[in-house]
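Notes follow once the structure below has been shown.
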Amino acid sequence: MPATLFTPYKLNDTLTLNNKILMAPLTRCMADDDLVPTQTMADYYARRADAGLIISEATIIRPDGQGYVNTPGLYTQAQIDGWKVVTQAVHDKGGKIFAQLWHTGRVAHPFFFGEENGEVLSASNIGIEGTIPRNRDLTYQEPKAATIEDIASLVADYATAADNAIKAGFDGVEIHGANGYLIDQFLHYSCNNRTDEYGETPENMARFAVEVIDAIIEKIGSDRTAIRLSPGAYFNMEPDNRDRAVFDTLLKQLEPRDLAFIHLGIFDDAMEFDYLDGQASSYLRKQYNQTIVGVGSYTAQTGSDAIDNNQFDLLAIGRAFIANPDYVAKVRDGRELTAYDDAMLAELV
């Protein structure tokens with residue numbers, strides 16, 4: 001048993017985790033057609049409540065943020081009520097759960113939300129090629145560059161969604177600022193060619209993320225606010241060495257804000273990036289002195305070793321939690337894990 005993982009971890013004066021294993025956000029497309037969480041979802045999360053902290057599947061903040069079928073929302077009363085059932089089920093098992101707040105930006109599609117609910121928005125009008133997962137007959141559209149008014153509305157809606165999350169019983173929120181979605185689209189030069197106060201310079205490109213964070217902190221407090229970032233993970237965008245300066249700037253601004261944590265968004269942390277001088281987690285540790293959540297193809301043992309080596313503080317586990325609802329107990333007891341298989345995505349166990 002990797003003993004490091006089973007010691008409690010104090011995030012702050014508000015939250016202490018029972019162990020250092022987090023369940024990573026895993027998009028499962030489990031909500032009903034009104035994007036309301038279901039009883040099946042409550043059962044699914046409750047079975048994984050032994051995690052020190054569950055981070056929910058990505059949850060959209062408003063209709064025009066939807067880019068995948070049946071992804072839950074946090075902007076209607078029915079959705080809030082549905083999440084109450086989920087959070088209560090987790091709390092009844094002694095667990096803690098954060099909502100991951102999401103807007104997909106240029107990955108959204110009007111097929112899901114209807115043109116009457118808005119346009120596809122991004123940092124700039126730079127689109128991506130390809131088709132929508134699970135809806136292969138839908139191709140991505142060229143987005144509209146968000147106006148200053150659009151940005152102000154988005155910031156307000158992120159804050160409202162965070163407030164709704166607390167009303168729904170969540171212990172906090174993780175802002176999805178990674179993996180090529182809306183906030184991340186402002187942070188990378190390949191998809192941000194703005195020439196106003198949200199573009200051109202690292203300070204400007206970091207501005208939207210900081211405004212969202214500050215608005216959420218004002219609503220629910222910094223102790224219940226976290227963010228996921230991808231300084232070295234390119235999903236639906238092209239690499240650009242200039243991006244490091246944006247993240248250097250952003251992380252310096254986040255340091256004094258006393259967030260619950262920063263969660264690295266990367267698929268494999270063994271990857272190295274020349275412009276980051278190595279692994280993304282090592283870069284993040286050099287730039288940020290507070291709680292970091294590592295992720296990316298770690299096992300319990302290699303993740304525990306990374307924590308012991310001060311690479312990060314908490315370990316997020318993804319696919320293994322799909323295959324093993326009792327992941328924490330199995331690791332603690334030294335039992336063999338069930339291997340993940342893509343076929344499991346069709347199951348809710």
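Ligands are numbered from 1 in the order shown, residues from 1 within each chain, and chains are lettered A, B, ... in the order they appear in the structure tokens.
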Sort by chain and increasing residue number a table of all residues of region 79-145 of chain A within 7 Å of region 55-64 of chain A, each with its closest pair of atoms and their distance in Å to one decimal, counting only C-alpha atoms, and write it as a tab-separated table.
residue	atom	partner	partner_atom	distance
A:Ile97	CA	A:Ile55	CA	5.7
A:Phe98	CA	A:Ile55	CA	4.9
A:Ala99	CA	A:Ser56	CA	5.0
A:Gln100	CA	A:Ala58	CA	5.0
A:Leu101	CA	A:Thr59	CA	5.2
A:Trp102	CA	A:Ile60	CA	4.6
A:His103	CA	A:Ile60	CA	5.5
A:Ala108	CA	A:Asp64	CA	6.8
A:Phe113	CA	A:Pro63	CA	5.5
A:Asn117	CA	A:Asp64	CA	6.3
A:Gly118	CA	A:Asp64	CA	5.9
A:Glu119	CA	A:Asp64	CA	6.8
A:Val120	CA	A:Asp64	CA	6.7
Now that the selection is made, can you save its residues with C-alpha atoms as a compact mmCIF listing (two decimals), in the first residue's frame?
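Final output, saved to selection_2.txt:
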# COMPACT_ATOMS: atom_id res chain seq x y z
CA ILE A 97 -17.34 16.50 -4.13
CA PHE A 98 -16.49 19.59 -6.23
CA ALA A 99 -18.39 20.59 -9.37
CA GLN A 100 -16.27 21.17 -12.45
CA LEU A 101 -17.62 24.28 -14.19
CA TRP A 102 -17.40 24.14 -17.97
CA HIS A 103 -17.98 26.10 -21.13
CA ALA A 108 -19.84 23.90 -28.69
CA PHE A 113 -28.64 24.52 -27.52
CA ASN A 117 -29.77 30.52 -27.04
CA GLY A 118 -26.70 32.13 -28.52
CA GLU A 119 -23.78 31.59 -30.86
CA VAL A 120 -20.65 29.50 -30.68
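On the backbone of this structure, DSSP gives strand (DSSP E or B) within region 110-175 of chain A to Leu121, Ser122, Thr131, Ile132, Asn135, Arg136, Asp137, Leu138, Thr139, Lys144, Ala145, Gly172, Val173, Glu174 and Ile175 of chain A.
Atom to atom, CA of Leu26 (chain A) and CA of Tyr44 (chain A) stand 11.7 Å apart.
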Give me the residues within 8 Å of Cys191 (chain A) as a PDB file with N, CA and C atoms, in the first residue's frame, counting only C-alpha atoms and dropping any in the same chain fewer than 5 places off.
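As written to disk, result-v1.pdb reads:
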ATOM      1  N   ALA A 123     -12.386  32.828 -27.931  1.00  0.00           N
ATOM      2  CA  ALA A 123     -11.547  34.015 -27.792  1.00  0.00           C
ATOM      3  C   ALA A 123     -11.470  34.773 -29.115  1.00  0.00           C
ATOM      4  N   SER A 124     -11.401  34.014 -30.213  1.00  0.00           N
ATOM      5  CA  SER A 124     -11.301  34.589 -31.556  1.00  0.00           C
ATOM      6  C   SER A 124     -12.175  33.779 -32.502  1.00  0.00           C
ATOM      7  N   ILE A 126     -11.411  31.748 -34.713  1.00  0.00           N
ATOM      8  CA  ILE A 126     -10.574  30.686 -35.264  1.00  0.00           C
ATOM      9  C   ILE A 126     -11.210  29.344 -34.913  1.00  0.00           C
ATOM     10  N   GLN A 185      -8.910  28.593 -24.367  1.00  0.00           N
ATOM     11  CA  GLN A 185      -8.815  29.214 -25.683  1.00  0.00           C
ATOM     12  C   GLN A 185      -8.298  30.653 -25.596  1.00  0.00           C
ATOM     13  N   PHE A 186      -8.496  31.293 -24.463  1.00  0.00           N
ATOM     14  CA  PHE A 186      -7.934  32.628 -24.261  1.00  0.00           C
ATOM     15  C   PHE A 186      -6.451  32.570 -23.907  1.00  0.00           C
ATOM     16  N   MET A 237      -5.987  22.314 -30.318  1.00  0.00           N
ATOM     17  CA  MET A 237      -5.230  23.539 -30.624  1.00  0.00           C
ATOM     18  C   MET A 237      -3.793  23.182 -30.950  1.00  0.00           C
TER      19      MET A 237
END
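Here the question is which of A:Ala89, A:Ile166, A:Val107, A:Leu154 gets nearest to Asn236 (chain A) using only C-alpha atoms, and that residue is A:Val107.
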